[in-house]
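Here is the file model-v7.txt (compact mmCIF, C-alpha atoms).
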# COMPACT_ATOMS: atom_id res chain seq x y z
CA MET K 1 -0.23 -17.80 -53.11
CA THR K 2 -2.30 -17.83 -49.92
CA THR K 3 -1.21 -19.04 -46.48
CA ARG K 4 -3.56 -21.69 -45.11
CA ALA K 5 -3.76 -23.37 -41.70
CA VAL K 6 -3.69 -27.05 -42.68
CA VAL K 7 -4.49 -30.04 -40.45
CA LYS K 8 -1.36 -32.12 -39.88
CA GLY K 9 -2.47 -34.40 -37.07
CA VAL K 10 -5.45 -35.29 -34.90
CA GLY K 11 -5.94 -37.28 -31.72
CA HIS K 12 -8.20 -37.76 -28.72
CA TYR K 13 -8.38 -39.24 -25.26
CA LEU K 14 -11.33 -40.50 -23.21
CA PRO K 15 -11.16 -41.41 -19.51
CA GLU K 16 -11.36 -45.13 -18.76
CA ARG K 17 -14.59 -44.97 -16.78
CA VAL K 18 -17.62 -45.48 -19.02
CA VAL K 19 -20.98 -44.53 -17.50
CA PRO K 20 -24.04 -46.01 -19.28
CA ASN K 21 -27.50 -44.54 -18.87
CA SER K 22 -28.42 -47.47 -16.66
CA GLU K 23 -25.92 -46.30 -14.03
CA LEU K 24 -27.52 -42.86 -13.94
CA GLU K 25 -30.90 -44.51 -13.35
CA THR K 26 -29.59 -45.38 -9.88
CA LEU K 27 -28.59 -41.78 -9.12
CA VAL K 28 -31.51 -39.69 -10.34
CA ASP K 29 -35.13 -40.11 -11.43
CA THR K 30 -34.53 -40.95 -15.08
CA THR K 31 -34.51 -43.88 -17.50
CA ASP K 32 -32.32 -45.06 -20.34
CA GLU K 33 -35.24 -44.53 -22.73
CA TRP K 34 -35.87 -40.97 -21.48
CA ILE K 35 -32.24 -40.00 -22.00
CA LYS K 36 -31.90 -41.65 -25.42
CA THR K 37 -35.19 -40.22 -26.72
CA ARG K 38 -34.39 -36.64 -25.72
CA SER K 39 -30.66 -36.52 -26.40
CA GLY K 40 -29.45 -39.60 -28.27
CA ILE K 41 -26.93 -40.26 -25.50
CA GLU K 42 -26.34 -43.87 -24.44
CA ARG K 43 -23.10 -43.56 -22.44
CA ARG K 44 -20.40 -41.09 -21.50
CA HIS K 45 -16.93 -41.09 -19.91
CA TYR K 46 -16.04 -39.60 -16.51
CA ALA K 47 -12.58 -38.59 -15.37
CA ALA K 48 -11.12 -40.57 -12.48
CA GLU K 49 -10.58 -39.01 -9.08
CA GLY K 50 -7.51 -36.81 -9.32
CA GLN K 51 -7.55 -36.84 -13.13
CA THR K 52 -7.65 -33.24 -14.35
CA THR K 53 -8.64 -31.45 -17.53
CA SER K 54 -4.98 -30.83 -18.34
CA ASP K 55 -4.26 -34.57 -17.87
CA LEU K 56 -6.85 -35.35 -20.54
CA GLY K 57 -5.48 -32.61 -22.79
CA ILE K 58 -1.92 -33.94 -22.52
CA ARG K 59 -3.02 -37.41 -23.64
CA ALA K 60 -4.97 -36.02 -26.61
CA ALA K 61 -2.05 -33.76 -27.56
CA GLN K 62 0.38 -36.67 -27.46
CA ALA K 63 -1.90 -38.63 -29.79
CA ALA K 64 -2.10 -35.70 -32.24
CA LEU K 65 1.67 -35.18 -32.18
CA ALA K 66 2.23 -38.89 -32.89
CA ASP K 67 -0.28 -38.75 -35.73
CA ALA K 68 1.54 -35.77 -37.25
CA GLY K 69 5.01 -37.24 -36.69
CA LEU K 70 6.01 -34.17 -34.70
CA LEU K 71 7.61 -33.40 -31.35
CA ALA K 72 6.32 -30.91 -28.79
CA SER K 73 9.37 -28.74 -29.60
CA ASP K 74 8.06 -28.41 -33.17
CA ILE K 75 4.96 -26.54 -31.91
CA ASP K 76 4.95 -22.74 -31.68
CA ALA K 77 1.73 -22.27 -29.69
CA ILE K 78 -0.90 -24.18 -27.75
CA ILE K 79 -4.50 -22.99 -27.56
CA VAL K 80 -6.80 -24.87 -25.20
CA ALA K 81 -10.57 -24.46 -25.36
CA THR K 82 -12.02 -25.29 -21.94
CA SER K 83 -14.49 -24.12 -19.30
CA THR K 84 -13.14 -26.55 -16.70
CA ALA K 85 -9.48 -25.63 -16.28
CA ASP K 86 -7.72 -27.30 -13.35
CA LEU K 87 -7.37 -23.98 -11.49
CA THR K 88 -8.61 -20.41 -11.89
CA PHE K 89 -5.05 -19.74 -13.05
CA PRO K 90 -2.59 -20.56 -14.47
CA SER K 91 -4.19 -21.72 -17.71
CA ALA K 92 -4.71 -25.36 -18.55
CA ALA K 93 -2.69 -24.63 -21.69
CA THR K 94 0.48 -23.86 -19.73
CA MET K 95 -0.03 -27.02 -17.69
CA ILE K 96 -0.34 -29.03 -20.90
CA GLN K 97 2.72 -27.24 -22.30
CA ASN K 98 4.68 -28.37 -19.24
CA GLY K 99 3.26 -31.88 -19.39
CA LEU K 100 4.48 -32.20 -22.96
CA GLY K 101 7.95 -31.02 -21.98
CA MET K 102 7.60 -27.97 -24.25
CA THR K 103 9.61 -24.93 -23.10
CA ASN K 104 9.41 -22.88 -26.29
CA GLY K 105 6.51 -20.88 -27.71
CA PHE K 106 3.42 -19.80 -25.79
CA ALA K 107 0.16 -21.25 -24.50
CA PHE K 108 -3.21 -19.87 -23.45
CA ASP K 109 -6.83 -20.85 -22.85
CA VAL K 110 -9.96 -19.79 -24.74
CA GLN K 111 -13.27 -19.82 -22.86
CA ALA K 112 -16.39 -19.89 -25.02
CA VAL K 113 -17.97 -22.97 -23.42
CA CYS K 114 -19.27 -25.43 -26.05
CA ALA K 115 -18.26 -23.06 -28.87
CA GLY K 116 -14.73 -22.92 -27.47
CA PHE K 117 -13.08 -25.15 -30.05
CA VAL K 118 -14.53 -23.14 -32.93
CA TYR K 119 -13.20 -19.98 -31.28
CA ALA K 120 -9.81 -21.66 -30.74
CA LEU K 121 -9.60 -22.78 -34.38
CA THR K 122 -10.48 -19.26 -35.50
CA THR K 123 -7.75 -17.82 -33.27
CA ALA K 124 -5.16 -20.37 -34.42
CA ASN K 125 -6.01 -19.66 -38.04
CA ALA K 126 -5.52 -15.92 -37.49
CA LEU K 127 -2.10 -16.51 -35.88
CA ILE K 128 -1.00 -18.68 -38.78
CA VAL K 129 -2.25 -16.61 -41.70
CA SER K 130 -0.77 -13.44 -40.14
CA GLY K 131 2.63 -15.13 -40.08
CA GLN K 132 3.09 -15.03 -36.30
CA VAL K 133 3.42 -18.81 -35.95
CA ASN K 134 3.90 -21.85 -38.15
CA ARG K 135 2.38 -24.65 -36.08
CA VAL K 136 -0.40 -24.51 -33.48
CA LEU K 137 -1.68 -27.31 -31.26
CA VAL K 138 -5.41 -26.70 -30.73
CA ILE K 139 -7.03 -28.68 -27.92
CA GLY K 140 -10.54 -29.01 -26.54
CA ALA K 141 -10.55 -30.59 -23.06
CA GLU K 142 -13.26 -30.76 -20.41
CA THR K 143 -14.25 -32.41 -17.12
CA PHE K 144 -17.87 -31.27 -17.09
CA SER K 145 -18.87 -34.11 -14.77
CA ARG K 146 -17.51 -31.94 -11.96
CA LEU K 147 -20.00 -29.15 -12.68
CA MET K 148 -23.10 -31.32 -12.45
CA ASP K 149 -25.94 -30.92 -9.96
CA TRP K 150 -26.77 -34.58 -9.34
CA LYS K 151 -30.30 -33.65 -8.30
CA ASP K 152 -31.07 -32.02 -11.67
CA ARG K 153 -32.01 -34.86 -14.02
CA SER K 154 -32.46 -32.47 -16.94
CA THR K 155 -28.72 -31.65 -17.07
CA CYS K 156 -26.65 -34.22 -15.17
CA VAL K 157 -27.39 -36.98 -17.71
CA LEU K 158 -26.17 -34.95 -20.69
CA PHE K 159 -22.49 -34.28 -20.11
CA GLY K 160 -19.24 -36.22 -20.18
CA ASP K 161 -15.47 -35.75 -20.03
CA GLY K 162 -12.82 -36.03 -22.70
CA ALA K 163 -10.29 -34.25 -24.89
CA GLY K 164 -9.43 -33.90 -28.56
CA ALA K 165 -6.52 -32.20 -30.30
CA LEU K 166 -5.67 -30.91 -33.76
CA ILE K 167 -2.35 -29.67 -35.14
CA LEU K 168 -2.52 -26.86 -37.69
CA ALA K 169 0.48 -25.82 -39.78
CA ALA K 170 1.12 -23.06 -42.31
CA GLU K 171 1.07 -24.17 -45.93
CA GLN K 172 0.83 -22.26 -49.17
CA GLY K 173 -2.32 -22.68 -51.24
CA ASP K 174 -3.63 -21.22 -54.46
CA GLY K 175 -6.27 -19.10 -52.76
CA THR K 176 -9.17 -21.23 -54.00
CA THR K 177 -11.69 -23.46 -52.24
CA ALA K 178 -9.68 -26.44 -53.47
CA ASP K 179 -6.92 -25.54 -50.98
CA ARG K 180 -6.42 -27.76 -47.95
CA GLY K 181 -6.85 -26.11 -44.56
CA ILE K 182 -9.20 -23.58 -42.97
CA LEU K 183 -11.12 -21.72 -45.68
CA ALA K 184 -13.59 -19.62 -43.67
CA THR K 185 -14.68 -18.87 -40.11
CA ASP K 186 -17.69 -17.18 -38.53
CA ILE K 187 -18.09 -16.46 -34.80
CA HIS K 188 -20.72 -14.62 -32.74
CA SER K 189 -21.88 -14.01 -29.18
CA ASP K 190 -24.83 -12.31 -27.50
CA GLY K 191 -24.63 -11.75 -23.75
CA ARG K 192 -28.35 -11.01 -23.48
CA PHE K 193 -28.88 -14.77 -23.33
CA ARG K 194 -26.40 -15.53 -20.53
CA ASP K 195 -29.12 -16.87 -18.21
CA LEU K 196 -30.05 -19.65 -20.63
CA LEU K 197 -26.86 -21.61 -19.95
CA TYR K 198 -24.41 -20.81 -17.16
CA VAL K 199 -22.64 -22.04 -14.04
CA ASP K 200 -23.87 -20.48 -10.78
CA GLY K 201 -20.40 -20.22 -9.24
CA GLY K 202 -17.11 -18.38 -9.55
CA THR K 203 -15.31 -15.47 -7.91
CA SER K 204 -18.62 -13.72 -7.26
CA THR K 205 -19.85 -16.61 -5.10
CA GLY K 206 -16.67 -18.23 -3.84
CA THR K 207 -17.92 -21.63 -5.03
CA THR K 208 -17.35 -23.80 -8.08
CA GLY K 209 -21.09 -23.88 -8.74
CA HIS K 210 -23.25 -26.11 -10.92
CA LEU K 211 -24.38 -25.96 -14.52
CA ARG K 212 -27.84 -24.45 -15.09
CA MET K 213 -29.71 -24.61 -18.38
CA GLU K 214 -33.04 -23.59 -19.88
CA GLY K 215 -33.17 -26.57 -22.20
CA LYS K 216 -36.05 -25.60 -24.48
CA GLU K 217 -34.68 -22.11 -25.13
CA VAL K 218 -31.16 -23.38 -25.74
CA PHE K 219 -32.57 -25.92 -28.20
CA ARG K 220 -34.45 -23.20 -30.08
CA HIS K 221 -31.42 -20.92 -30.35
CA ALA K 222 -29.16 -23.81 -31.32
CA VAL K 223 -31.27 -24.99 -34.26
CA GLU K 224 -31.61 -21.44 -35.57
CA LYS K 225 -28.08 -20.16 -35.01
CA LEU K 226 -26.06 -23.24 -35.98
CA ALA K 227 -27.54 -23.47 -39.47
CA GLU K 228 -27.18 -19.70 -39.91
CA THR K 229 -23.50 -19.63 -38.98
CA ALA K 230 -22.70 -22.66 -41.14
CA HIS K 231 -24.38 -21.01 -44.14
CA ALA K 232 -22.53 -17.77 -43.38
CA SER K 233 -19.11 -19.47 -43.36
CA LEU K 234 -19.84 -21.27 -46.60
CA ALA K 235 -21.20 -18.11 -48.25
CA LYS K 236 -17.93 -16.29 -47.52
CA ILE K 237 -16.20 -18.62 -49.98
CA GLY K 238 -19.09 -19.03 -52.41
CA LEU K 239 -20.14 -22.52 -51.33
CA THR K 240 -23.38 -24.09 -50.06
CA GLY K 241 -24.46 -27.12 -48.06
CA GLY K 242 -24.44 -29.12 -51.28
CA ASP K 243 -20.65 -28.77 -51.45
CA VAL K 244 -20.11 -30.22 -47.96
CA ASP K 245 -18.74 -33.75 -47.55
CA TRP K 246 -19.12 -33.86 -43.76
CA ILE K 247 -20.73 -31.82 -41.04
CA VAL K 248 -18.79 -32.35 -37.80
CA PRO K 249 -21.07 -30.66 -35.27
CA HIS K 250 -20.89 -29.99 -31.57
CA GLN K 251 -22.23 -33.19 -30.04
CA ALA K 252 -24.87 -31.86 -27.64
CA ASN K 253 -28.13 -33.46 -28.71
CA ILE K 254 -29.04 -35.71 -31.65
CA ARG K 255 -32.22 -33.72 -32.31
CA ILE K 256 -30.23 -30.49 -32.68
CA ILE K 257 -27.76 -32.27 -34.96
CA GLU K 258 -30.56 -33.64 -37.14
CA ALA K 259 -32.41 -30.31 -37.32
CA THR K 260 -29.25 -28.43 -38.29
CA ALA K 261 -28.36 -30.95 -41.00
CA LYS K 262 -31.89 -30.69 -42.40
CA ARG K 263 -31.66 -26.89 -42.58
CA MET K 264 -28.33 -27.21 -44.37
CA GLN K 265 -29.80 -29.83 -46.72
CA VAL K 266 -27.05 -32.29 -45.83
CA PRO K 267 -28.15 -35.94 -45.31
CA MET K 268 -27.43 -37.52 -41.93
CA ASP K 269 -25.10 -40.09 -43.50
CA HIS K 270 -22.78 -37.15 -44.13
CA VAL K 271 -22.79 -36.05 -40.48
CA VAL K 272 -20.22 -37.37 -37.99
CA VAL K 273 -22.17 -38.40 -34.87
CA THR K 274 -20.51 -39.44 -31.60
CA VAL K 275 -23.01 -38.09 -29.06
CA GLN K 276 -24.31 -41.60 -28.30
CA ASP K 277 -20.90 -42.65 -26.95
CA HIS K 278 -19.51 -39.45 -25.42
CA GLY K 279 -22.45 -37.29 -24.38
CA ASN K 280 -21.88 -33.54 -24.47
CA THR K 281 -18.17 -32.93 -23.84
CA SER K 282 -18.50 -29.17 -24.45
CA ALA K 283 -15.36 -27.73 -26.12
CA ALA K 284 -13.92 -31.25 -26.52
CA SER K 285 -16.80 -32.57 -28.63
CA ILE K 286 -15.73 -31.31 -32.07
CA PRO K 287 -12.08 -32.42 -31.89
CA LEU K 288 -13.23 -35.75 -30.44
CA ALA K 289 -15.62 -36.17 -33.36
CA LEU K 290 -12.92 -35.17 -35.88
CA SER K 291 -10.53 -37.75 -34.46
CA VAL K 292 -13.13 -40.51 -34.25
CA GLY K 293 -14.51 -39.65 -37.72
CA ARG K 294 -11.04 -39.92 -39.23
CA ALA K 295 -10.38 -43.20 -37.39
CA ARG K 296 -13.68 -44.64 -38.66
CA GLY K 297 -12.63 -43.84 -42.23
CA GLN K 298 -15.42 -41.30 -42.68
CA ILE K 299 -13.17 -38.23 -43.04
CA LYS K 300 -10.65 -38.52 -45.85
CA PRO K 301 -8.00 -36.18 -47.32
CA GLY K 302 -9.60 -33.55 -49.55
CA ASP K 303 -13.02 -33.72 -47.87
CA LEU K 304 -14.79 -30.41 -47.20
CA LEU K 305 -15.89 -30.18 -43.57
CA VAL K 306 -18.10 -27.77 -41.65
CA THR K 307 -17.84 -27.65 -37.87
CA GLU K 308 -20.34 -25.63 -35.83
CA ALA K 309 -21.14 -25.18 -32.15
CA ILE K 310 -23.13 -23.10 -29.67
CA GLY K 311 -22.62 -22.70 -25.95
CA GLY K 312 -23.09 -20.46 -22.95
CA GLY K 313 -22.77 -16.76 -23.53
CA LEU K 314 -24.53 -17.38 -25.79
CA ALA K 315 -21.52 -17.92 -28.06
CA TRP K 316 -21.62 -19.71 -31.39
CA GLY K 317 -19.77 -20.09 -34.66
CA SER K 318 -18.51 -22.30 -37.45
CA VAL K 319 -15.39 -23.20 -39.42
CA VAL K 320 -15.11 -24.51 -42.97
CA LEU K 321 -11.98 -26.51 -43.68
CA ARG K 322 -10.69 -28.94 -46.27
CA TRP K 323 -9.08 -31.97 -44.66

As structure tokens - that is how I would like this structure written.
Amino acid sequence: MTTRAVVKGVGHYLPERVVPNSELETLVDTTDEWIKTRSGIERRHYAAEGQTTSDLGIRAAQAALADAGLLASDIDAIIVATSTADLTFPSAATMIQNGLGMTNGFAFDVQAVCAGFVYALTTANALIVSGQVNRVLVIGAETFSRLMDWKDRSTCVLFGDGAGALILAAEQGDGTTADRGILATDIHSDGRFRDLLYVDGGTSTGTTGHLRMEGKEVFRHAVEKLAETAHASLAKIGLTGGDVDWIVPHQANIRIIEATAKRMQVPMDHVVVTVQDHGNTSAASIPLALSVGRARGQIKPGDLLVTEAIGGGLAWGSVVLRW
């Protein structure tokens, strides 16, 4: 028998404010057509004034707990993937833990920018298969709208706010690819490329800073590295793109999503796409897409999924799991 980290519940939360491309036309020199052509984004959600990343995470966590039929006291650990925690410290995870009324277990943040949820899933899987915990609440939550330079039309139109959550629990499998749960993971980083995507603020500057990105270079690395990591995860368990039911990618740019699917030889009707409605929600984009994909009836029990993401660092990776 093999211990697997199996999905028991999923949920998401999006702030009430919806911002269509037409609204951004009034703020910066851009057009709806320009944004849609280059990114596929039509609208995104922005957090309300005073609404924090942990607020979004609490709502997504509550939805996942309800979906799983569990209470916060049933959870052993919370891992939150975010680059936009409410404060430098304490972690957003401990704030979410408190907001859920959970006084047991432990909670911490993972910071790998857009790849954060993949890193968090990998960490949760390791905790479960090693026997340290039985149930982990894994959350991706972001308020990237607060990092935007509203004079930079190449970046401010791309990002949105939101949160998604997944509950993983230990279950015994047969040790084959037919098992439910996480089957393989693959994560990487390369700090030589830090200047391609970063925020120009922090303790070194005493400011929050704004997001900066070399779009063309990030695009090139994304198309190359996302397909590579997805193939690597699948190869670890002797599978290929032809075995995949759904790719659930980081929702950054429709052209990156399409190029990655083509390299994996997976048709686009087997890719969960939400970028048009949410924009790039960084570490929240994969759990948001998982929750929405399940709600749409796309993702069904027994389906083989590949999730993959790349973000600042550069950091990237993938997870193969059976729903």

Long-range neighbours of K:Val248 as a PyMOL selection string, 12 Å cut-off, all atoms listed in the file, 6 positions minimum in chain
chain K and resi 118+226+230+257-258+260-261+266+268-275+285-294+298-299+303-309+318-321+323

K:Ile254: which residues within 9 Å, counting only C-alpha atoms, same-chain residues fewer than 6 positions away excluded, as JSON, numbers by chain?
{"K": [38, 39, 40, 41, 273, 275, 276]}

With distances taken over only C-alpha atoms, which residue among K:Ala93, K:Ala169, K:Leu27, K:Val80 lies nearest K:Lys8?
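Comparing K:Ala93, K:Ala169, K:Leu27, K:Val80 against K:Lys8, the winner is K:Ala169.
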
Of the residues K:Lys216, K:Met148, K:Ile75, K:Gly140, which is the one nearest to K:Thr103, using all atoms listed in the file?
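Counting all atoms listed in the file, the residue closest to K:Thr103 is K:Ile75.
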
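Atom CA of K:Cys114 to atom CA of K:Leu166 spans 16.6 Å [interatomic distance, one decimal].
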
Atom CA of K:Ser54 to atom CA of K:Pro15, straight-line distance in Å:
12.3 Å

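A straight line drawn from atom CA of K:His221 to atom CA of K:Tyr198 is 14.9 Å long.
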
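Neighbours of K:Arg135 closer than or equal to 8 Å, with only C-alpha atoms counted and sequence neighbours fewer than 3 positions away skipped, come out as Asp74, Ile75, Asp76, Ala77, Ile128, Ile167, Leu168, Ala169 and Ala170 of chain K.
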
Extract, using all atoms listed in the file, all DNA, RNA and protein residues at most 12 Å from K:Gly175, discarding same-chain residues fewer than 6 positions from it, and format them as a PyMOL selection string.
chain K and resi 1-4+181-184+237

Selected residues written out, C-alpha atoms, as a compact mmCIF listing (two decimals), in the frame of the given file:
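Ended up saving to part-v6.txt:
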# COMPACT_ATOMS: atom_id res chain seq x y z
CA MET K 1 -0.23 -17.80 -53.11
CA THR K 2 -2.30 -17.83 -49.92
CA THR K 3 -1.21 -19.04 -46.48
CA ARG K 4 -3.56 -21.69 -45.11
CA GLY K 181 -6.85 -26.11 -44.56
CA ILE K 182 -9.20 -23.58 -42.97
CA LEU K 183 -11.12 -21.72 -45.68
CA ALA K 184 -13.59 -19.62 -43.67
CA ILE K 237 -16.20 -18.62 -49.98

Hey, which of K:Leu24, K:Ala315, K:Ile96, K:Ala120 ends up closest to K:Gly57? Count all atoms listed in the file.
K:Ile96

Tell me, as number ranges by chain, which residues lie within 12 Å of K:Leu87, counting all atoms listed in the file; anything in the same chain fewer than 2 positions away does not count.
K: 52-54, 82-85, 89-95, 109, 202, 208

Pick from K:Gly101, K:Gly160, K:Gly317, K:Gly311: nearest to K:Phe219, with only C-alpha atoms counted?
K:Gly311

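Minimum atom-to-atom distance to K:Lys151, evaluated using all atoms listed in the file, belongs to K:Thr26 out of K:Ser233, K:Thr177, K:Gln132, K:Thr26.
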
Return as JSON the centre and edge lengths, in Å with one decimal, of the box along x, y and z that encloses every atom of stretch 68-79 of chain K in the file, padded by 5 Å per side.
{"center_x": 2.4, "center_y": -29.8, "center_z": -32.4, "size_x": 23.9, "size_y": 25.0, "size_z": 19.7}
